[in-house]
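Engineer: Next comes the structure file entry_1.csv, holding CSV, C-alpha atoms.
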chain,number,residue,atom,x,y,z
A,1,MET,CA,-11.4,-25.7,-4.3
A,2,LYS,CA,-7.8,-26.4,-3.4
A,3,ILE,CA,-6.3,-23.4,-1.7
A,4,ARG,CA,-2.8,-22.9,-0.4
A,5,LEU,CA,-1.6,-20.2,1.9
A,6,LEU,CA,2.0,-19.1,1.4
A,7,LEU,CA,2.8,-17.5,4.7
A,8,ASN,CA,5.7,-15.1,5.5
A,9,GLY,CA,7.7,-17.0,8.0
A,10,LYS,CA,7.9,-14.0,10.3
A,11,LYS,CA,4.1,-14.3,10.8
A,12,ALA,CA,3.7,-18.0,11.2
A,13,GLY,CA,3.7,-18.0,15.0
A,14,LEU,CA,0.9,-15.5,15.4
A,15,ASP,CA,-2.0,-16.9,17.3
A,16,THR,CA,-4.5,-14.8,15.3
A,17,ILE,CA,-3.2,-16.4,12.0
A,18,ARG,CA,-3.4,-19.9,13.4
A,19,GLN,CA,-6.9,-19.4,14.8
A,20,ALA,CA,-8.1,-17.9,11.5
A,21,VAL,CA,-6.7,-20.9,9.5
A,22,TYR,CA,-8.3,-23.4,11.9
A,23,SER,CA,-11.6,-21.5,11.7
A,24,LEU,CA,-11.6,-21.6,7.9
A,25,ARG,CA,-10.9,-25.3,7.9
A,26,SER,CA,-13.7,-25.9,10.3
A,27,GLN,CA,-16.0,-24.2,7.8
A,28,GLY,CA,-15.1,-27.0,5.3
A,29,HIS,CA,-12.5,-25.2,3.2
A,30,PHE,CA,-9.5,-27.2,2.0
A,31,LEU,CA,-6.7,-24.9,3.1
A,32,GLU,CA,-3.0,-25.9,3.1
A,33,VAL,CA,-0.3,-23.8,4.6
A,34,ARG,CA,3.3,-23.4,3.5
A,35,VAL,CA,5.8,-21.2,5.4
A,36,THR,CA,8.8,-19.3,4.0
A,37,TRP,CA,12.2,-19.5,5.6
A,38,GLU,CA,14.6,-17.8,3.2
A,39,ALA,CA,15.0,-16.0,-0.1
A,40,GLY,CA,13.7,-17.9,-3.1
A,41,ASP,CA,11.1,-19.9,-1.1
A,42,ILE,CA,8.1,-18.1,-2.7
A,43,GLU,CA,9.1,-18.9,-6.2
A,44,ARG,CA,9.6,-22.6,-5.3
A,45,LEU,CA,6.4,-22.7,-3.3
A,46,VAL,CA,4.3,-21.2,-6.1
A,47,ALA,CA,5.8,-23.7,-8.6
A,48,GLU,CA,4.9,-26.5,-6.2
A,49,ALA,CA,1.4,-25.2,-5.8
A,50,ILE,CA,0.9,-25.1,-9.5
A,51,ALA,CA,2.3,-28.7,-9.9
A,52,ASP,CA,0.0,-29.9,-7.1
A,53,GLY,CA,-3.1,-28.5,-8.9
A,54,CYS,CA,-4.0,-25.7,-6.5
A,55,ASP,CA,-6.8,-23.5,-7.7
A,56,ARG,CA,-6.0,-20.5,-5.6
A,57,ILE,CA,-2.9,-19.2,-3.8
A,58,ILE,CA,-3.1,-16.8,-0.8
A,59,ALA,CA,-0.2,-14.4,-0.4
A,60,GLY,CA,0.2,-14.1,3.4
A,61,GLY,CA,2.4,-11.1,4.1
A,62,GLY,CA,3.0,-7.5,3.2
A,63,ASP,CA,3.3,-5.7,-0.2
A,64,GLY,CA,6.7,-7.4,-0.7
A,65,THR,CA,5.2,-10.9,-0.3
A,66,VAL,CA,2.4,-10.1,-2.7
A,67,ASN,CA,5.0,-8.8,-5.2
A,68,GLU,CA,7.0,-12.1,-4.9
A,69,VAL,CA,4.0,-14.2,-5.5
A,70,ALA,CA,2.9,-12.2,-8.5
A,71,ASN,CA,6.4,-12.4,-10.0
A,72,ALA,CA,6.4,-16.2,-9.4
A,73,LEU,CA,3.0,-16.6,-11.0
A,74,MET,CA,4.2,-14.7,-14.1
A,75,LEU,CA,6.8,-17.5,-14.7
A,76,SER,CA,4.0,-19.8,-15.7
A,77,PRO,CA,1.7,-19.6,-18.7
A,78,LEU,CA,-1.6,-17.8,-18.1
A,79,ALA,CA,-3.7,-20.9,-18.4
A,80,SER,CA,-1.9,-22.6,-15.6
A,81,ARG,CA,-1.7,-19.7,-13.1
A,82,PRO,CA,-3.8,-20.2,-10.0
A,83,GLU,CA,-6.0,-17.4,-8.8
A,84,LEU,CA,-4.4,-15.0,-6.3
A,85,ALA,CA,-5.8,-13.9,-2.9
A,86,ILE,CA,-4.2,-11.7,-0.2
A,87,LEU,CA,-3.9,-12.0,3.5
A,88,PRO,CA,-2.5,-8.6,4.5
A,89,LEU,CA,0.2,-9.0,7.2
A,90,GLY,CA,2.6,-6.2,6.5
A,91,THR,CA,3.3,-2.8,8.0
A,92,ALA,CA,1.8,-0.8,5.2
A,93,ASN,CA,-0.3,-3.2,3.0
A,94,ASP,CA,-0.8,-0.4,0.5
A,95,PHE,CA,-2.2,-2.6,-2.3
A,96,ALA,CA,-4.6,-4.6,-0.1
A,97,THR,CA,-5.7,-1.4,1.6
A,98,ALA,CA,-6.5,0.3,-1.7
A,99,CYS,CA,-8.4,-2.9,-2.7
A,100,THR,CA,-10.4,-2.6,0.6
A,101,ILE,CA,-9.3,-6.1,1.7
A,102,SER,CA,-9.7,-6.5,5.4
A,103,ASN,CA,-6.7,-6.5,7.6
A,104,GLN,CA,-8.4,-8.8,10.0
A,105,PRO,CA,-7.0,-12.3,9.4
A,106,LEU,CA,-10.3,-14.3,9.5
A,107,ALA,CA,-12.2,-11.8,7.3
A,108,ALA,CA,-9.3,-11.7,4.8
A,109,LEU,CA,-9.1,-15.6,4.7
A,110,GLN,CA,-12.9,-15.9,4.3
A,111,LEU,CA,-12.8,-13.5,1.3
A,112,ALA,CA,-9.8,-15.5,0.0
A,113,ALA,CA,-11.7,-18.7,0.2
A,114,THR,CA,-15.2,-17.6,-1.0
A,115,GLY,CA,-14.6,-14.4,-3.0
A,116,GLU,CA,-14.8,-14.0,-6.8
A,117,ALA,CA,-11.6,-13.6,-8.8
A,118,THR,CA,-11.3,-10.7,-11.3
A,119,PRO,CA,-8.7,-10.5,-14.1
A,120,ILE,CA,-6.3,-7.6,-13.3
A,121,ASP,CA,-3.3,-6.0,-15.0
A,122,ILE,CA,0.3,-6.4,-13.9
A,123,VAL,CA,3.3,-4.3,-15.0
A,124,SER,CA,6.6,-5.5,-16.4
A,125,ALA,CA,9.6,-3.5,-15.2
A,126,ASN,CA,12.7,-4.5,-17.1
A,127,GLU,CA,13.0,-8.2,-16.1
A,128,GLN,CA,10.7,-8.0,-13.1
A,129,TYR,CA,7.0,-7.3,-12.4
A,130,PHE,CA,5.0,-5.3,-10.0
A,131,ILE,CA,1.3,-5.4,-9.2
A,132,ASN,CA,0.9,-2.0,-7.4
A,133,MET,CA,3.4,0.7,-7.9
A,134,ALA,CA,7.0,1.6,-8.8
A,135,THR,CA,8.5,4.7,-7.3
A,136,GLY,CA,11.8,6.3,-8.1
A,137,GLY,CA,14.1,9.0,-6.9
A,138,PHE,CA,13.3,10.8,-3.7
A,139,GLY,CA,10.3,8.5,-3.0
A,140,ALA,CA,12.3,5.3,-3.3
A,141,GLN,CA,14.5,6.4,-0.4
A,142,VAL,CA,11.5,6.6,1.9
A,143,THR,CA,11.6,3.5,4.2
A,144,ALA,CA,10.1,2.3,7.4
A,145,THR,CA,12.9,3.9,9.4
A,146,THR,CA,12.6,7.3,7.8
A,147,PRO,CA,11.1,10.1,9.9
A,148,VAL,CA,7.4,10.5,9.4
A,149,GLN,CA,7.9,14.0,8.1
A,150,LEU,CA,9.8,12.6,5.2
A,151,LYS,CA,7.3,9.9,4.5
A,152,ASN,CA,4.6,12.5,4.4
A,153,PHE,CA,6.1,13.7,1.1
A,154,LEU,CA,4.3,10.9,-0.6
A,155,GLY,CA,1.0,12.2,0.6
A,156,GLY,CA,-0.3,15.7,1.2
A,157,GLY,CA,2.7,16.9,3.2
A,158,ALA,CA,4.0,19.1,0.4
A,159,TYR,CA,4.4,22.0,2.8
A,160,THR,CA,7.6,20.2,4.2
A,161,LEU,CA,9.0,19.5,0.8
A,162,THR,CA,11.4,22.4,0.4
A,163,GLY,CA,12.9,22.1,3.8
A,164,LEU,CA,13.3,18.4,3.5
A,165,ILE,CA,15.1,18.6,0.1
A,166,GLN,CA,17.4,21.3,1.4
A,167,ALA,CA,18.1,19.2,4.5
A,168,LEU,CA,19.0,16.2,2.5
A,169,ASN,CA,20.8,18.2,-0.2
A,170,PHE,CA,18.8,16.1,-2.6
A,171,GLN,CA,19.7,16.5,-6.3
A,172,PRO,CA,17.2,15.8,-9.1
A,173,PHE,CA,17.8,13.0,-11.6
A,174,LEU,CA,18.4,14.2,-15.1
A,175,GLY,CA,16.9,12.0,-17.8
A,176,THR,CA,14.4,11.4,-20.6
A,177,VAL,CA,11.0,9.9,-20.3
A,178,SER,CA,9.6,8.3,-23.5
A,179,ILE,CA,5.9,7.9,-23.6
A,180,GLU,CA,4.2,6.5,-26.8
A,181,GLY,CA,6.8,8.0,-29.1
A,182,GLN,CA,7.2,11.3,-27.4
A,183,ASN,CA,10.4,12.2,-25.5
A,184,TYR,CA,10.4,14.5,-22.5
A,185,ASP,CA,13.6,15.8,-20.8
A,186,ARG,CA,13.1,15.9,-17.1
A,187,LYS,CA,14.8,16.9,-13.9
A,188,VAL,CA,13.0,14.5,-11.6
A,189,LEU,CA,12.8,14.7,-7.8
A,190,PHE,CA,10.3,11.9,-7.6
A,191,GLY,CA,8.5,9.6,-10.1
A,192,ALA,CA,5.8,6.9,-9.8
A,193,VAL,CA,4.4,4.4,-12.2
A,194,CYS,CA,1.0,3.5,-10.8
A,195,ASN,CA,-1.1,0.4,-11.5
A,196,GLY,CA,-2.7,0.8,-8.0
A,197,ARG,CA,-3.3,4.0,-6.1
A,198,MET,CA,-1.4,3.9,-2.8
A,199,ALA,CA,2.2,3.9,-1.6
A,200,GLY,CA,4.2,5.0,1.4
A,201,GLY,CA,1.8,3.6,4.0
A,202,GLY,CA,-1.6,4.6,2.6
A,203,GLN,CA,-0.8,7.8,0.7
A,204,GLU,CA,-2.8,8.1,-2.6
A,205,LEU,CA,-0.6,9.0,-5.5
A,206,ALA,CA,-3.0,8.2,-8.3
A,207,LYS,CA,-6.6,8.6,-7.2
A,208,SER,CA,-8.0,7.7,-10.7
A,209,ALA,CA,-5.9,4.5,-11.2
A,210,TYR,CA,-7.6,1.2,-11.9
A,211,ILE,CA,-6.0,-2.3,-12.0
A,212,ASN,CA,-8.1,-3.6,-14.9
A,213,ASP,CA,-8.1,-0.7,-17.4
A,214,GLY,CA,-5.0,-1.6,-19.3
A,215,LEU,CA,-3.4,1.8,-18.4
A,216,LEU,CA,-0.6,3.1,-16.2
A,217,GLU,CA,-0.8,6.4,-14.3
A,218,LEU,CA,2.6,8.1,-14.6
A,219,VAL,CA,3.3,10.8,-12.0
A,220,SER,CA,6.5,12.9,-11.6
A,221,LEU,CA,7.6,15.9,-9.6
A,222,GLN,CA,10.1,18.1,-11.3
A,223,GLU,CA,12.8,20.3,-9.8
A,224,PHE,CA,11.4,23.6,-8.6
A,225,PRO,CA,12.5,26.8,-6.9
A,226,ALA,CA,11.4,27.6,-3.3
A,227,SER,CA,9.4,30.5,-4.7
A,228,GLU,CA,7.1,28.2,-6.5
A,229,LEU,CA,6.2,26.0,-3.5
A,230,SER,CA,2.5,27.2,-3.4
A,231,LEU,CA,2.1,26.2,-7.1
A,232,VAL,CA,3.7,22.8,-6.4
A,233,ILE,CA,1.3,22.2,-3.5
A,234,ASN,CA,-1.6,23.0,-5.7
A,235,GLU,CA,-0.5,20.7,-8.5
A,236,LEU,CA,0.2,17.8,-6.0
A,237,ILE,CA,-3.2,18.1,-4.3
A,238,ASN,CA,-5.3,18.6,-7.5
A,239,ASP,CA,-4.6,15.5,-9.4
A,240,ASP,CA,-7.0,16.6,-12.1
A,241,ILE,CA,-4.2,18.9,-13.3
A,242,GLN,CA,-2.8,16.5,-15.9
A,243,ASN,CA,0.3,18.5,-17.0
A,244,GLY,CA,1.2,21.1,-14.5
A,245,GLN,CA,4.4,23.2,-14.5
A,246,TYR,CA,6.2,20.9,-12.0
A,247,VAL,CA,3.9,17.9,-11.4
A,248,LYS,CA,3.5,15.9,-14.6
A,249,ARG,CA,0.8,13.2,-15.1
A,250,HIS,CA,0.3,10.9,-18.0
A,251,GLN,CA,-1.8,7.8,-18.9
A,252,ALA,CA,0.0,5.3,-21.0
A,253,THR,CA,0.3,1.6,-21.7
A,254,ALA,CA,4.2,1.7,-21.6
A,255,ALA,CA,7.0,4.2,-20.9
A,256,THR,CA,10.8,4.3,-20.6
A,257,TRP,CA,13.0,6.3,-18.3
A,258,GLN,CA,16.7,6.7,-19.1
A,259,SER,CA,19.4,8.7,-17.4
A,260,ALA,CA,23.1,8.9,-17.1
A,261,GLU,CA,22.9,8.4,-13.3
A,262,VAL,CA,21.6,5.3,-11.7
A,263,MET,CA,18.3,5.9,-9.9
A,264,PRO,CA,17.0,4.1,-6.9
A,265,ILE,CA,13.6,2.4,-7.6
A,266,ASN,CA,11.2,0.6,-5.5
A,267,LEU,CA,8.9,-2.1,-7.0
A,268,ASP,CA,6.2,-2.9,-4.4
A,269,GLY,CA,8.8,-2.9,-1.7
A,270,GLU,CA,11.6,-4.6,-3.7
A,271,PRO,CA,14.6,-2.4,-4.4
A,272,LEU,CA,16.1,-1.9,-7.9
A,273,SER,CA,18.8,0.5,-9.1
A,274,THR,CA,19.1,1.2,-12.8
A,275,ASN,CA,19.6,4.1,-15.2
A,276,LYS,CA,17.0,2.6,-17.7
A,277,LEU,CA,13.6,1.4,-16.7
A,278,THR,CA,11.1,0.2,-19.2
A,279,VAL,CA,7.6,-0.4,-17.9
A,280,LYS,CA,4.7,-2.0,-19.8
A,281,VAL,CA,1.2,-3.0,-18.7
A,282,ILE,CA,0.2,-6.6,-19.2
A,283,PRO,CA,-3.6,-6.7,-19.3
A,284,GLU,CA,-5.6,-9.4,-17.4
A,285,ALA,CA,-2.4,-11.2,-16.4
A,286,ILE,CA,-3.6,-12.4,-13.0
A,287,ASN,CA,-7.0,-13.4,-11.5
A,288,LEU,CA,-7.2,-11.6,-8.2
A,289,VAL,CA,-9.8,-12.3,-5.4
A,290,LEU,CA,-11.4,-8.9,-4.5
A,291,PRO,CA,-14.2,-7.7,-2.3
A,292,THR,CA,-17.5,-6.8,-4.1
A,293,GLY,CA,-17.4,-3.2,-5.2
A,294,CYS,CA,-13.6,-2.9,-5.0
A,295,PRO,CA,-12.8,0.8,-6.0
A,296,LEU,CA,-9.8,-0.2,-8.1
A,297,ILE,CA,-11.9,-2.1,-10.5
A,298,LYS,CA,-13.3,-0.2,-13.4
A,299,VAL,CA,-16.8,-1.4,-14.4
Take the structure in the file and write it out as structure tokens.
Structural biologist:
Amino acid sequence: MKIRLLLNGKKAGLDTIRQAVYSLRSQGHFLEVRVTWEAGDIERLVAEAIADGCDRIIAGGGDGTVNEVANALMLSPLASRPELAILPLGTANDFATACTISNQPLAALQLAATGEATPIDIVSANEQYFINMATGGFGAQVTATTPVQLKNFLGGGAYTLTGLIQALNFQPFLGTVSIEGQNYDRKVLFGAVCNGRMAGGGQELAKSAYINDGLLELVSLQEFPASELSLVINELINDDIQNGQYVKRHQATAATWQSAEVMPINLDGEPLSTNKLTVKVIPEAINLVLPTGCPLIKV
């Protein structure tokens, strides 16, 4: 098998990565390495790997690198796409973590070289794609430099929500969600389109999401008064509540959000601002190397 590692240039000098690559080669695996330097390199390197007949591409980096590789693979016909594996090297590694891919370089590379590939879904979002999750509104403003109290909003830290929204003077986005022919007017503080389960550094937003079921998990938090905080907490924690008063959950193959105001959106770490987002699941678009018993695979 011809395998090529596309490595985020910021990680190329790490001794642990070099030693893991040398160790894998010593085991008889044909592993080539290409390193990124600037924007656009991933798309070019994926095209080169396909032209060179690579069987498998390893995305070496964080969620953003995985996103870039997935987007580049989608530029080629399905029959010519190499299999995808992941070497998690980012700060969060939300998708790899949810897939239970090891964050130890050698273990991750051994899986990448010897593991079985499974067809998984990917999601189109306007002219782009994402493999894990799109978040919009309040959640898309959560970054690595944001205080931990704010990032906890994406997890179970709902008890801080009212104070945080007041401190930020955050206003909801007014718009319409269209899901399978039904329109819903919403005042959205936060929304997520989930193919995977995790965002925000390991916080589960969609515990029942699978990456091979042909469905998206749609989650949104509506504007609410401070007096309803306990109800909001209950609806956030209990994801079996499909259609609460303030937390709305849907399963669908496609959906559209439209608003008068531009909303900040995050596609697996890649920023996007738009007032109209159309998402659609593309079943079995990429063959992804996964550990045996991966919890994101529906059997």
Engineer: Have a look at A:Gly136, A:Ser80, A:Ile179, A:Ile211 and name the one nearest to Gly191 of chain A; count all atoms listed in the file.
Structural biologist: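 Looking at the shortest contact to Gly191 of chain A, the residue is A:Gly136.
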Engineer: Could you please determine the separation between atom CA of Glu43 of chain A and atom CA of Asn71 of chain A in Å, to one decimal place?
Structural biologist: 8.0 Å
Engineer: Taking the point (-8.0, -8.8, 2.5) as given in the file, collect each protein or nucleic acid residue that comes within 9 Å of it, counting only C-alpha atoms, and present the set as a PyMOL selection string.
Structural biologist: chain A and resi 85-88+96-97+99-105+107-112+289-291
Engineer: Rank A:Thr256, A:Ala117, A:Gly200, A:Gln251 by their smallest atom-to-atom distance to Tyr184 of chain A, using only C-alpha atoms, and report the top residue only.
Structural biologist: A:Thr256
Engineer: In Å, with one decimal, what is the gap from atom CA of Ala39 of chain A to atom CA of Arg25 of chain A?
Structural biologist: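 If I compute the distance from atom CA of Ala39 of chain A to atom CA of Arg25 of chain A, I get 28.7 Å.
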Engineer: Given the choices A:Arg56, A:Lys187, A:Arg34, A:Arg197, which gets closest to Asn132 of chain A if the distance is worked out from all atoms listed in the file?
Structural biologist: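 Closest to Asn132 of chain A of all the choices is A:Arg197.
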Engineer: Of the candidates A:Leu218, A:Ala51, A:Leu106, A:Val262, which one gets nearest to Gly137 of chain A if we count all atoms listed in the file?
Structural biologist: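 When distances to Gly137 of chain A are compared using all atoms listed in the file, the smallest one comes from A:Val262.
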Engineer: If we count all atoms listed in the file, what is near Gly90 of chain A at a cut-off of 6 Å, once residues fewer than 3 positions away on the same chain are taken out, given as a ChimeraX atom specification?
Structural biologist: /A:61-62,93
Engineer: Find the spatial neighbours of segment 272-277 of chain A, counting all atoms listed in the file, within a cut-off of 7 Å - ignore same-chain residues fewer than 3 positions away - and output them as a list in words.
Structural biologist: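 Listed by chain and then number, they are Ala125, Asn126, Thr256, Trp257, Gln258, Ser259, Ala260, Glu261, Val262, Met263, Pro264, Ile265 and Asn266 of chain A.
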Engineer: Would you export the selected residues with C-alpha atoms as a short mmCIF file (atom, residue, chain, number, x, y, z; two decimals), keeping the file's coordinate frame, please?
Structural biologist:
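Once everything was written out, this is part_14.cif:
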data_model
loop_
_atom_site.label_atom_id
_atom_site.label_comp_id
_atom_site.auth_asym_id
_atom_site.auth_seq_id
_atom_site.Cartn_x
_atom_site.Cartn_y
_atom_site.Cartn_z
CA ALA A 125 9.60 -3.50 -15.20
CA ASN A 126 12.70 -4.50 -17.10
CA THR A 256 10.80 4.30 -20.60
CA TRP A 257 13.00 6.30 -18.30
CA GLN A 258 16.70 6.70 -19.10
CA SER A 259 19.40 8.70 -17.40
CA ALA A 260 23.10 8.90 -17.10
CA GLU A 261 22.90 8.40 -13.30
CA VAL A 262 21.60 5.30 -11.70
CA MET A 263 18.30 5.90 -9.90
CA PRO A 264 17.00 4.10 -6.90
CA ILE A 265 13.60 2.40 -7.60
CA ASN A 266 11.20 0.60 -5.50
#
Engineer: Counting all atoms listed in the file, which of A:Gly64, A:Gly115, A:Pro271, A:Gly53 gets nearest to Thr91 of chain A?
Structural biologist: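 Result for the nearest residue to Thr91 of chain A: A:Gly64.
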Engineer: Quick one: distance from atom CA of Ala20 of chain A to atom CA of Thr36 of chain A in Å, one decimal?
Structural biologist: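 A separation of 18.5 Å between them.
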Engineer: Identify the residues within 8 Å of coordinate (-1.7, -0.2, -24.8) (same frame as the file), considering all atoms listed in the file, and give the answer as a PyMOL selection string.
Structural biologist: chain A and resi 214-215+252-254+281
Engineer: Taking C-alpha atoms for each residue, export the selection above as a PDB file, in the frame of the given file.
Structural biologist:
ATOM      1  CA  GLY A 214      -5.000  -1.600 -19.300  1.00  0.00           C
ATOM      2  CA  LEU A 215      -3.400   1.800 -18.400  1.00  0.00           C
ATOM      3  CA  ALA A 252       0.000   5.300 -21.000  1.00  0.00           C
ATOM      4  CA  THR A 253       0.300   1.600 -21.700  1.00  0.00           C
ATOM      5  CA  ALA A 254       4.200   1.700 -21.600  1.00  0.00           C
ATOM      6  CA  VAL A 281       1.200  -3.000 -18.700  1.00  0.00           C
TER       7      VAL A 281
END
Engineer: Nearest residue to Ala206 of chain A out of A:Cys294, A:Ala192, A:Ile17, A:Ile42, using only C-alpha atoms?
Structural biologist: A:Ala192
Engineer: So that I can check the surroundings of Glu48 of chain A, please list as a count of residues only every protein, DNA and RNA residue that reaches within 12 Å of it, counting all atoms listed in the file and ignoring chain neighbours fewer than 6 positions away.
Structural biologist: 12
Engineer: Write out as a list in words each polymer residue whose atoms come within 12 Å of Gly244 of chain A, counting only C-alpha atoms; drop sequence neighbours fewer than 4 positions from it.
Structural biologist: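 So the residues in contact are Val219, Ser220, Leu221, Gln222, Leu231, Val232, Ile233, Asn234, Glu235, Leu236, Ile237, Asn238, Asp239, Asp240, Lys248, Arg249 and His250 of chain A.
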